[in-house]
Structures are given as structure tokens and as C-alpha cells.
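Colleague: Quick one, model37.cif (mmCIF, C-alpha atoms and all ligand atoms):
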```cif
data_upload
loop_
_atom_site.label_atom_id
_atom_site.label_comp_id
_atom_site.auth_asym_id
_atom_site.auth_seq_id
_atom_site.Cartn_x
_atom_site.Cartn_y
_atom_site.Cartn_z
CA MET A 1 28.73 22.92 -20.15
CA ASN A 2 30.64 20.81 -17.59
CA TYR A 3 30.80 22.18 -14.11
CA VAL A 4 34.39 23.03 -13.05
CA ALA A 5 35.17 22.79 -9.35
CA ALA A 6 36.73 25.89 -7.82
CA PRO A 7 40.47 25.25 -7.15
CA ARG A 8 40.24 25.85 -3.40
CA GLN A 9 37.24 23.51 -3.06
CA LEU A 10 38.91 20.75 -5.07
CA VAL A 11 42.15 21.00 -3.11
CA GLY A 12 40.20 20.96 0.16
CA ARG A 13 38.42 17.80 -0.92
CA MET A 14 41.71 16.17 -1.97
CA GLU A 15 43.32 17.07 1.34
CA ALA A 16 40.43 15.45 3.15
CA LEU A 17 41.30 12.19 1.40
CA ALA A 18 44.94 12.37 2.47
CA ASP A 19 44.48 10.24 5.57
CA PRO A 20 44.12 6.45 5.80
CA ILE A 21 41.56 6.60 8.62
CA ARG A 22 39.31 8.90 6.62
CA LEU A 23 39.58 6.63 3.60
CA ARG A 24 38.58 3.66 5.73
CA LEU A 25 35.61 5.62 7.07
CA LEU A 26 34.54 6.63 3.58
CA ARG A 27 34.70 3.04 2.35
CA LEU A 28 32.39 1.97 5.16
CA LEU A 29 30.01 4.88 4.66
CA GLU A 30 29.80 4.13 0.98
CA ARG A 31 28.41 0.71 1.78
CA HIS A 32 26.14 1.59 4.69
CA GLU A 33 24.67 4.40 6.69
CA LEU A 34 26.32 4.15 10.11
CA GLY A 35 26.37 5.95 13.45
CA VAL A 36 29.53 7.15 15.20
CA ALA A 37 29.45 4.37 17.79
CA GLU A 38 29.18 1.75 15.05
CA LEU A 39 32.06 3.31 13.13
CA CYS A 40 34.20 3.34 16.31
CA ALA A 41 33.50 -0.35 16.87
CA ILE A 42 34.37 -1.19 13.27
CA VAL A 43 37.57 0.82 12.85
CA GLN A 44 38.46 0.24 16.52
CA LEU A 45 39.34 3.81 17.30
CA PRO A 46 38.13 6.14 20.05
CA GLN A 47 35.05 8.26 19.50
CA SER A 48 37.00 11.53 19.67
CA THR A 49 39.20 10.42 16.75
CA VAL A 50 36.33 9.18 14.61
CA SER A 51 34.23 12.30 15.29
CA ARG A 52 37.13 14.59 14.37
CA HIS A 53 37.66 12.82 11.04
CA LEU A 54 33.92 12.75 10.32
CA LYS A 55 33.68 16.47 10.92
CA LEU A 56 36.48 17.16 8.49
CA LEU A 57 34.92 14.89 5.87
CA ALA A 58 31.55 16.58 6.36
CA ASP A 59 33.13 20.05 6.11
CA GLN A 60 34.66 19.07 2.77
CA GLY A 61 31.39 17.63 1.48
CA TRP A 62 32.45 13.97 1.49
CA VAL A 63 29.84 12.76 3.93
CA ALA A 64 26.23 13.69 4.59
CA SER A 65 24.32 12.97 7.78
CA HIS A 66 20.83 12.99 9.16
CA ARG A 67 19.43 12.72 12.63
CA GLU A 68 17.60 9.58 13.67
CA GLY A 69 16.30 9.54 17.22
CA THR A 70 19.11 10.66 19.43
CA SER A 71 22.00 9.95 17.07
CA ASN A 72 23.35 11.07 13.72
CA LEU A 73 23.69 8.61 10.87
CA TYR A 74 26.40 9.22 8.27
CA ARG A 75 26.80 8.13 4.67
CA LEU A 76 29.07 8.93 1.76
CA ALA A 77 27.68 11.95 -0.06
CA GLY A 78 26.07 10.81 -3.30
CA ASP A 79 24.47 13.22 -5.74
CA GLU A 80 25.95 16.08 -3.74
CA LEU A 81 29.45 15.20 -5.06
CA ASP A 82 30.56 16.67 -8.37
CA HIS A 83 32.12 14.63 -11.14
CA ALA A 84 35.77 15.34 -10.23
CA PRO A 85 35.62 14.25 -6.57
CA ARG A 86 33.59 11.20 -7.55
CA ALA A 87 36.22 10.16 -10.11
CA LEU A 88 38.95 10.82 -7.55
CA TRP A 89 37.17 8.69 -4.98
CA GLY A 90 36.82 5.86 -7.49
CA VAL A 91 40.60 5.66 -7.90
CA VAL A 92 41.45 6.03 -4.22
CA ARG A 93 38.83 3.53 -3.12
CA GLU A 94 40.28 0.80 -5.27
CA GLU A 95 43.70 1.23 -3.67
CA ALA A 96 42.31 1.48 -0.14
CA ALA A 97 40.29 -1.70 -0.63
CA ARG A 98 43.55 -3.66 -0.81
CA TRP A 99 44.76 -2.62 2.64
CA PRO A 100 44.61 -5.31 5.32
CA SER A 101 42.92 -2.81 7.63
CA SER A 102 40.14 -2.37 5.05
CA ARG A 103 39.56 -6.11 4.88
CA GLN A 104 39.29 -6.16 8.68
CA ASP A 105 36.83 -3.25 8.47
CA ASP A 106 34.71 -5.19 5.98
CA LEU A 107 34.54 -8.21 8.27
CA ARG A 108 33.60 -6.08 11.27
CA LEU A 109 31.01 -4.22 9.18
CA GLU A 110 29.41 -7.55 8.23
CA ARG A 111 29.37 -8.58 11.87
CA ARG A 112 27.76 -5.26 12.85
CA LEU A 113 25.08 -5.61 10.17
CA GLU A 114 24.41 -9.17 11.31
CA GLN A 115 24.06 -7.81 14.87
CA ARG A 116 21.48 -5.28 13.61
CA ARG A 117 19.52 -8.11 11.98
CA GLN A 118 19.67 -10.15 15.18
CA GLU A 119 18.54 -7.15 17.27
CA SER A 120 15.56 -6.71 14.98
CA LEU A 121 14.80 -10.45 15.05
CA SER A 122 14.96 -10.63 18.84
CA PHE A 123 12.81 -7.50 19.18
CA PHE A 124 10.07 -9.11 17.13
CA ALA A 125 10.52 -12.48 18.81
CA GLY A 126 9.62 -10.75 22.07
CA ALA A 127 6.99 -8.49 20.52
CA ALA A 128 5.11 -11.11 18.47
CA ALA A 129 2.41 -11.64 21.08
CA SER A 130 1.72 -7.94 21.59
CA TRP A 131 2.63 -6.59 18.14
CA ASP A 132 -0.95 -6.19 16.83
CA ALA A 133 -1.92 -4.13 19.87
CA LEU A 134 1.26 -2.02 19.72
CA ARG A 135 0.80 -1.43 15.98
CA ALA A 136 -2.79 -0.29 16.50
CA GLU A 137 -1.83 1.86 19.49
CA LEU A 138 1.03 3.61 17.70
CA PHE A 139 -0.32 3.83 14.15
CA GLY A 140 -4.02 2.94 14.05
CA ASP A 141 -5.23 0.84 11.11
CA GLY A 142 -5.64 3.59 8.50
CA PHE A 143 -2.18 3.14 7.02
CA ALA A 144 -2.80 -0.53 6.20
CA ARG A 145 -5.96 0.41 4.26
CA ALA A 146 -4.01 3.11 2.44
CA ALA A 147 -1.32 0.56 1.57
CA LEU A 148 -3.87 -1.96 0.28
CA LEU A 149 -5.67 0.69 -1.77
CA ALA A 150 -2.31 1.61 -3.30
CA LEU A 151 -2.24 -1.89 -4.82
CA LEU A 152 -5.08 -0.90 -7.15
CA PRO A 153 -4.00 0.11 -10.67
CA PRO A 154 -4.28 3.92 -10.57
CA ASP A 155 -5.80 4.09 -14.07
CA TRP A 156 -8.83 1.97 -13.14
CA ILE A 157 -12.46 3.01 -13.24
CA VAL A 158 -14.29 1.35 -10.35
CA ALA A 159 -18.04 1.10 -9.77
CA ASP A 160 -19.58 0.81 -6.32
CA LEU A 161 -23.04 -0.64 -6.89
CA GLY A 162 -25.39 0.10 -4.00
CA CYS A 163 -22.87 2.64 -2.74
CA GLY A 164 -25.02 3.88 0.15
CA THR A 165 -23.52 6.89 1.91
CA GLY A 166 -20.35 6.67 -0.20
CA ALA A 167 -17.80 5.66 2.43
CA LEU A 168 -16.05 3.31 0.02
CA VAL A 169 -16.44 5.67 -2.93
CA ALA A 170 -14.56 8.35 -1.00
CA GLU A 171 -11.75 5.96 -0.06
CA LEU A 172 -11.40 4.61 -3.58
CA ALA A 173 -11.31 8.08 -5.11
CA GLY A 174 -7.81 8.62 -3.77
CA ALA A 175 -6.53 5.42 -5.36
CA VAL A 176 -8.02 5.11 -8.86
CA ARG A 177 -8.81 7.27 -11.90
CA ARG A 178 -12.59 7.41 -11.49
CA VAL A 179 -15.19 6.02 -9.12
CA VAL A 180 -18.80 5.56 -10.16
CA GLY A 181 -21.36 5.11 -7.40
CA VAL A 182 -24.92 3.89 -8.03
CA ASP A 183 -27.73 3.68 -5.51
CA GLN A 184 -31.51 3.77 -5.71
CA SER A 185 -32.01 5.80 -2.55
CA ALA A 186 -32.03 9.58 -3.02
CA GLU A 187 -31.34 10.03 0.70
CA MET A 188 -28.32 7.72 0.71
CA LEU A 189 -27.01 9.48 -2.39
CA ALA A 190 -27.46 12.88 -0.76
CA ALA A 191 -25.24 11.73 2.12
CA ALA A 192 -22.76 10.31 -0.39
CA ARG A 193 -22.70 13.62 -2.32
CA GLU A 194 -21.90 15.49 0.85
CA ARG A 195 -19.12 13.06 1.64
CA VAL A 196 -17.44 13.25 -1.76
CA ALA A 197 -17.91 17.00 -2.25
CA GLY A 198 -14.70 18.34 -3.75
CA LEU A 199 -13.58 15.00 -5.22
CA SER A 200 -13.45 15.62 -8.96
CA ASN A 201 -13.08 11.97 -10.02
CA VAL A 202 -16.34 10.72 -8.51
CA GLU A 203 -19.72 10.44 -10.22
CA LEU A 204 -22.89 9.35 -8.44
CA HIS A 205 -26.02 8.06 -10.16
CA GLU A 206 -29.48 7.26 -8.91
CA GLY A 207 -30.37 3.88 -10.35
CA ASP A 208 -31.42 0.31 -9.82
CA LEU A 209 -29.08 -2.65 -9.43
CA GLY A 210 -31.30 -4.52 -11.86
CA ALA A 211 -30.98 -1.88 -14.63
CA LEU A 212 -27.79 0.10 -14.04
CA PRO A 213 -27.61 3.55 -15.66
CA LEU A 214 -24.11 2.74 -16.94
CA ALA A 215 -22.74 1.84 -20.38
CA ASP A 216 -21.60 -1.68 -21.29
CA ALA A 217 -17.98 -2.49 -20.40
CA CYS A 218 -17.26 0.90 -18.82
CA CYS A 219 -15.53 -0.29 -15.61
CA ASP A 220 -12.37 -2.16 -14.72
CA ALA A 221 -13.86 -3.36 -11.44
CA ALA A 222 -17.22 -3.34 -9.69
CA LEU A 223 -18.10 -3.78 -6.05
CA MET A 224 -21.32 -4.75 -4.34
CA LEU A 225 -20.91 -4.40 -0.61
CA LEU A 226 -23.96 -5.41 1.40
CA SER A 227 -26.25 -4.44 -1.46
CA LEU A 228 -26.91 -7.64 -3.44
CA ALA A 229 -29.27 -8.93 -0.76
CA TYR A 230 -31.64 -6.02 -1.49
CA ALA A 231 -31.98 -6.72 -5.21
CA PRO A 232 -35.38 -8.29 -5.93
CA GLN A 233 -33.63 -10.51 -8.49
CA PRO A 234 -30.01 -11.08 -7.42
CA GLY A 235 -29.26 -12.96 -10.65
CA ALA A 236 -30.30 -9.97 -12.75
CA ALA A 237 -28.25 -7.63 -10.54
CA LEU A 238 -25.17 -9.82 -11.03
CA GLY A 239 -25.88 -9.84 -14.76
CA GLU A 240 -25.88 -6.05 -14.73
CA LEU A 241 -22.64 -6.05 -12.77
CA ALA A 242 -21.07 -8.31 -15.42
CA ARG A 243 -22.43 -6.10 -18.24
CA VAL A 244 -20.76 -2.93 -17.00
CA LEU A 245 -17.42 -4.68 -16.51
CA LYS A 246 -14.81 -4.70 -19.25
CA PRO A 247 -13.96 -8.26 -20.39
CA GLY A 248 -11.70 -9.63 -17.66
CA GLY A 249 -12.85 -6.88 -15.25
CA ARG A 250 -12.94 -7.73 -11.54
CA ALA A 251 -16.05 -8.22 -9.42
CA VAL A 252 -16.05 -8.14 -5.62
CA ILE A 253 -19.19 -8.94 -3.67
CA VAL A 254 -19.61 -8.94 0.10
CA ASP A 255 -22.87 -10.01 1.69
CA LEU A 256 -24.41 -12.06 4.44
CA LEU A 257 -23.93 -15.81 4.78
CA PRO A 258 -27.10 -17.76 5.59
CA HIS A 259 -28.27 -16.89 9.12
CA ASP A 260 -31.33 -17.25 11.30
CA SER A 261 -31.31 -13.87 13.02
CA ASP A 262 -34.67 -12.29 12.43
CA ASP A 263 -33.45 -9.30 14.43
CA ALA A 264 -30.57 -8.71 11.95
CA ARG A 265 -32.92 -9.17 8.99
CA ARG A 266 -35.32 -6.56 10.37
CA ARG A 267 -32.62 -4.06 11.33
CA LEU A 268 -31.07 -4.34 7.87
CA GLY A 269 -34.45 -4.08 6.18
CA GLN A 270 -33.88 -7.28 4.22
CA ALA A 271 -36.27 -9.87 2.89
CA GLY A 272 -33.87 -12.83 2.70
CA MET A 273 -31.66 -14.63 5.18
CA GLY A 274 -28.27 -14.49 3.42
CA PHE A 275 -26.67 -16.37 0.54
CA ALA A 276 -25.26 -19.88 0.52
CA PRO A 277 -21.86 -19.82 -1.23
CA ALA A 278 -22.92 -22.55 -3.67
CA SER A 279 -26.02 -20.65 -4.84
CA LEU A 280 -24.04 -17.38 -5.08
CA ARG A 281 -21.47 -19.20 -7.22
CA ALA A 282 -24.16 -20.59 -9.50
CA LEU A 283 -25.85 -17.17 -9.88
CA ALA A 284 -22.53 -15.49 -10.68
CA HIS A 285 -21.62 -18.11 -13.30
CA ARG A 286 -24.99 -17.74 -14.97
CA ALA A 287 -24.52 -13.97 -15.01
CA GLY A 288 -21.32 -14.25 -17.05
CA LEU A 289 -18.71 -14.14 -14.30
CA ASN A 290 -15.83 -16.60 -14.26
CA GLY A 291 -13.36 -17.70 -11.62
CA VAL A 292 -15.88 -17.19 -8.84
CA HIS A 293 -14.21 -17.64 -5.50
CA VAL A 294 -16.17 -17.37 -2.25
CA THR A 295 -14.53 -17.15 1.17
CA THR A 296 -15.96 -16.65 4.63
CA LEU A 297 -14.75 -13.48 6.32
CA PRO A 298 -13.65 -13.85 9.92
CA PRO A 299 -16.12 -11.79 11.98
CA ALA A 300 -14.56 -8.69 13.56
CA PRO A 301 -14.33 -9.12 17.36
CA GLU A 302 -16.72 -6.24 17.98
CA ALA A 303 -19.20 -7.23 15.20
CA ARG A 304 -22.62 -8.44 16.35
CA GLY A 305 -24.22 -9.10 12.96
CA PRO A 306 -24.25 -12.33 10.92
CA ALA A 307 -21.00 -13.49 9.35
CA LEU A 308 -20.16 -12.29 5.83
CA PHE A 309 -18.75 -13.86 2.69
CA LEU A 310 -16.39 -12.26 0.19
CA ALA A 311 -16.78 -13.33 -3.42
CA THR A 312 -14.35 -12.44 -6.18
CA ALA A 313 -14.79 -13.12 -9.88
CA HIS A 314 -14.04 -11.66 -13.29
CA ARG A 315 -16.08 -11.05 -16.37
CA LYS A 316 -15.60 -13.61 -19.10
CA THR A 317 -13.01 -12.40 -21.59
CA THR A 318 -14.73 -14.02 -24.59
CA GLY A 319 -18.20 -14.98 -25.69
CA PRO A 320 -21.53 -13.31 -25.04
CA LEU A 321 -22.80 -12.61 -21.55
CA ALA A 322 -25.68 -14.61 -20.14
CA ALA A 323 -29.22 -13.53 -20.99
CA ALA A 324 -29.63 -11.88 -17.59
CA ALA A 325 -26.81 -9.51 -18.48
CA ARG A 326 -28.51 -8.08 -21.51
C1 LIG A 401 -26.80 -1.90 3.43
S1 LIG A 401 -26.57 -0.58 2.33
C2 LIG A 401 -24.86 -0.75 1.93
C3 LIG A 401 -24.26 0.51 1.44
C4 LIG A 401 -22.77 0.45 1.16
N1 LIG A 401 -22.48 -0.46 0.07
C5 LIG A 401 -22.02 0.09 2.38
O1 LIG A 401 -21.41 -0.97 2.40
O2 LIG A 401 -21.99 0.90 3.29
C6 LIG A 401 -27.41 -1.11 0.90
C7 LIG A 401 -27.53 -0.05 -0.16
O3 LIG A 401 -28.07 -0.64 -1.33
C8 LIG A 401 -29.04 0.25 -1.87
N2 LIG A 401 -30.01 -0.54 -2.64
C9 LIG A 401 -30.86 -1.44 -2.19
N3 LIG A 401 -31.56 -1.96 -3.20
C10 LIG A 401 -31.11 -1.38 -4.32
C11 LIG A 401 -31.47 -1.49 -5.69
N4 LIG A 401 -32.39 -2.35 -6.11
N5 LIG A 401 -30.83 -0.72 -6.56
C12 LIG A 401 -29.86 0.15 -6.17
N6 LIG A 401 -29.50 0.29 -4.88
C13 LIG A 401 -30.12 -0.46 -3.97
C14 LIG A 401 -29.65 0.92 -0.66
O4 LIG A 401 -30.25 2.13 -1.01
C15 LIG A 401 -28.48 1.07 0.25
O5 LIG A 401 -27.83 2.30 0.08
#
```
Output the file's structure in the form of C-alpha cells.

Modeller:
Amino acid sequence: MNYVAAPRQLVGRMEALADPIRLRLLRLLERHELGVAELCAIVQLPQSTVSRHLKLLADQGWVASHREGTSNLYRLAGDELDHAPRALWGVVREEAARWPSSRQDDLRLERRLEQRRQESLSFFAGAAASWDALRAELFGDGFARAALLALLPPDWIVADLGCGTGALVAELAGAVRRVVGVDQSAEMLAAARERVAGLSNVELHEGDLGALPLADACCDAALMLLSLAYAPQPGAALGELARVLKPGGRAVIVDLLPHDSDDARRRLGQAGMGFAPASLRALAHRAGLNGVHVTTLPPAPEARGPALFLATAHRKTTGPLAAAAR
């Protein structure tokens, strides 16, 4: 059943339109959300006049407003307007658009919007040097991680191989359908379990990188962060990673570049001294991964360990996997 506006309400709304200044204001507010001062500058009328008209329009439901900082911003009411007033506005607007004063309003609105753009540009021109510090001070860096995680397809199943205490597993759980963590250390897994307690889309398995306790082609993506270096046979571990990926599935590996810090090797409990990108690429290809791309990560200013590489690849979409993968 169509909604029928009450007579008094409809007449009130029509009366609110019976003024050229209010029609000019409505035209502007249909195109942009504007503050009173901006409206005054555009229609070139004193604030008392503009405020009075805005109040009447708001009382009759033609405009909505919200507070931003210290001022109110106004706009033409949208969904709040019923069919009849919207149809009425459509007719009136077309007529009002032909008035010379409306054309002048449009030009001044454009100028005002250009001014806004320039204000924003000049703010950032001055802030460029200090923006990173201001951003971190005001917002921290958590929101950027959240934004990047939101890029992941939400229906993905992601494996974290050598998941350790589950920091990444916990972060991923909010972004994808299911996260599967594997680690050989019962102690690390216990910490991970504590961390992900209450997350229903996480499963953790005790297992070896060289013989993962996961089915073939069960994951859309698999990560190995700082864990490949511990595998006695890195080639076999990459083969296992490829095996559990769906054809075309994404692999991301982060580990140490070649280094000569015996201190770092001891503290990390590693046998090797990092991976050369060329040998990592060759291992990954042999394991059945294609499109292997290795980049050097810029060391974080506070980081004291050896520099890291980031490798991305995907499982071959056709053909059998390499022997190491089976
Ligand atoms: C340096 S930690 C990194 C943990 C986590 N990925 C992170 O970035 O915080 C390496 C992890 O790999 C696990 N690991 C080492 N060798 C493994 C193997 N052969 N199979 C499964 N997990 C292994 C360790 O137990 C440890 O939790």
C-alpha cells in the first residue's frame, strides 16, 4: 500500500518551498553537504537570513544536518523524504535551475569546492614532512594492518605453516573464512591456543613442515614466516606448502637473507645463515610454485636482526607437482 502524506504535513512542506531563497538553498544542498558559512558565501546573504530559512526547511523535513567539529553540515533530506515531496521537488528544481541566480550559485559552489580542494592540498603540502609521525601519533598503525587484511578474500582458507605463538593466525582469523596453523612445538602451540581461544574459525595442528598433517589442495593461501629456515630440508617443506595449496593458490614466505651474524643465528636457534634469493627461487620452482618473486624488505628502524626477504608465488594451475611435493 502506498504511503499517503497527512494533509497538514504535505501543505507544510509545500509552503516551505514557496520561497526563492529556500529553493536556491535546496538546490545547493542537493549537490553538496555544506555549512552555514559556506551557504552564506554562495548565496551572498547574511547568516541570520540563511539560518532562518534553513531552520524552516529542517522543521518541514527538507534538510537534514549533522554536527562536524564545531559546525553543522546540511544536506537535502534523502531517504527521509516521502514520494510526494520528492516528486514535487523534482518539478520545482527544474524550474529553479533556470534562474540566473541559480546559475550564479552553481558557479560560486564550484569555486567553494575548489577552495576546499586547495585547502586540503595546501594542508598536505605543509604536512608532508611530518605526516608519518602525525599519523602514528593520532591513529597508531593498527588501522593500516586492518585495512590491508580487509583486502584478503573473506572466503579464503589460509594456512600459517610454522605458526609459532599464533600472532598472525589471530590477526588473519578476523579477515578470512578459516585459518589453519601448523607447528611442531607443543609449547608454541599451547601459547597459540591461548591466544586464539574463542576464535571459532581457527584450527591448530601439531606437525612437521616436511610432512604437513593437511589434505592436498585444502588452502587458498599459505604463509611461512620465519619458519622455513628451521626445516631440515627446505625444498621438501616448500613441496609440502605447494601440495596443500589449491591450484593457483598463493604462497608467501618471509625469512632471513644471507648474513654473517653468529649471534643472530644462535639467538634464533638456527643452523643456517639465511637464504640467497636465487637459491630460494630455484627451490620454490622445483617444489611446484610458479611466478616466484623475491624482494628485500626494508629493515624496520628499530630492528637489530638480519634483513629479511619476502617471497610470493602461486601453485601451478596445471600439471603434477614436483616429486618433493608428493
Ligand atoms: C621463529 S618461529 C616463527 C613463528 C611465527 N611464524 C612468527 O613469525 O612469529 C619458527 C617456528 O617454526 C616452528 N618450526 C621449526 N621447525 C619446524 C618444523 N620442522 N615443522 C614445523 N614447525 C617448525 C617452530 O616451532 C617455531 O614456532

Colleague: Residues within 10 Å of (-22.6, 11.6, -6.2), file coordinates, counting only C-alpha atoms: what are they? Give the list as a list in words.

Modeller: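 With a cut-off of 10 Å, the residues come to Cys163, Thr165, Gly166, Val169, Val179, Val180, Gly181, Val182, Asp183, Met188, Leu189, Ala190, Ala191, Ala192, Arg193, Glu194, Arg195, Val196, Ala197, Leu199, Val202, Glu203, Leu204, His205 and Glu206 of chain A.
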
Colleague: Please produce, as a Markdown table, a per-residue contact table for chain A versus ligand LIG 401 (chain A) (criterion: any atom at most 9 Å away, only C-alpha atoms and all ligand atoms considered), showing the nearest atom pair and its distance in Å to one decimal, sorted by chain then residue number.

Modeller:
```
| residue | atom | partner | partner_atom | distance |
| --- | --- | --- | --- | --- |
| A:Asp160 | CA | A:LIG401 | N1 | 7.1 |
| A:Leu161 | CA | A:LIG401 | N6 | 6.8 |
| A:Gly162 | CA | A:LIG401 | O3 | 3.9 |
| A:Cys163 | CA | A:LIG401 | N1 | 4.2 |
| A:Gly164 | CA | A:LIG401 | O5 | 3.2 |
| A:Thr165 | CA | A:LIG401 | O2 | 6.3 |
| A:Gly166 | CA | A:LIG401 | C4 | 6.8 |
| A:Ala167 | CA | A:LIG401 | O2 | 6.4 |
| A:Leu168 | CA | A:LIG401 | C5 | 7.2 |
| A:Val182 | CA | A:LIG401 | C12 | 6.5 |
| A:Asp183 | CA | A:LIG401 | N6 | 3.9 |
| A:Gln184 | CA | A:LIG401 | C12 | 4.0 |
| A:Ser185 | CA | A:LIG401 | O4 | 4.4 |
| A:Ala186 | CA | A:LIG401 | O4 | 7.9 |
| A:Glu187 | CA | A:LIG401 | O4 | 8.2 |
| A:Met188 | CA | A:LIG401 | O5 | 5.5 |
| A:Leu189 | CA | A:LIG401 | O5 | 7.6 |
| A:Glu206 | CA | A:LIG401 | C12 | 7.6 |
| A:Gly207 | CA | A:LIG401 | C12 | 5.6 |
| A:Asp208 | CA | A:LIG401 | N5 | 3.5 |
| A:Leu209 | CA | A:LIG401 | N5 | 3.9 |
| A:Gly210 | CA | A:LIG401 | N4 | 6.2 |
| A:Ala211 | CA | A:LIG401 | N5 | 8.2 |
| A:Leu212 | CA | A:LIG401 | N5 | 8.1 |
| A:Leu223 | CA | A:LIG401 | N1 | 8.2 |
| A:Met224 | CA | A:LIG401 | N1 | 6.3 |
| A:Leu225 | CA | A:LIG401 | N1 | 4.3 |
| A:Leu226 | CA | A:LIG401 | C2 | 4.8 |
| A:Ser227 | CA | A:LIG401 | O3 | 4.2 |
| A:Leu228 | CA | A:LIG401 | N3 | 7.3 |
| A:Ala229 | CA | A:LIG401 | N3 | 7.7 |
| A:Tyr230 | CA | A:LIG401 | N3 | 4.4 |
| A:Ala231 | CA | A:LIG401 | N4 | 4.5 |
| A:Pro232 | CA | A:LIG401 | N4 | 6.7 |
| A:Gln233 | CA | A:LIG401 | N4 | 8.6 |
| A:Ala237 | CA | A:LIG401 | N4 | 8.0 |
| A:Val254 | CA | A:LIG401 | O1 | 8.5 |
| A:Leu268 | CA | A:LIG401 | C1 | 6.6 |
| A:Gly269 | CA | A:LIG401 | C1 | 8.4 |
| A:Gln270 | CA | A:LIG401 | C1 | 8.9 |
```

Colleague: Show me, as a PyMOL selection string, the residues that have an atom within 9 Å of range 238-245 of chain A when counting only C-alpha atoms, minus same-chain residues fewer than 3 positions from it.

Modeller: chain A and resi 159+161+209-212+214-224+228+233-235+248-251+283-284+286-289+314-316+321-326

Colleague: If you measure from CA of Thr70 in chain A to CA of Glu33 in chain A, what distance in Å do you get, rounded to one decimal?

Modeller: 15.2 Å

Colleague: If you measure from CA of Glu95 in chain A to CA of Ala77 in chain A, what distance in Å do you get, rounded to one decimal?

Modeller: 19.6 Å

Colleague: Find the residue from A:Ala173, A:Ala37, A:Ala311, A:Ala97 that sits nearest to Ala150 in chain A; use all atoms listed in the file when measuring.

Modeller: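 Nearest to Ala150 in chain A: A:Ala173.
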
Colleague: Between A:Arg31, A:Ser48, A:Ile157, A:Gln115, which one has atoms that come closest to Tyr74 in chain A, using all atoms listed in the file?

Modeller: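 Residue with the minimum atom-to-atom distance to Tyr74 in chain A: A:Arg31.
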
Colleague: Could you tell me how far CA of Gly274 in chain A sits from CA of Asp260 in chain A, in Å to one decimal place?

Modeller: 8.9 Å

Colleague: Tell me which protein, DNA and RNA residues are within 12 Å of His32 in chain A, counting all atoms listed in the file, leaving out same-chain ones fewer than 2 positions away, and put them as a PyMOL selection string.

Modeller: chain A and resi 25-30+34-35+38-39+63+65+73-77+106+109-110+112-113
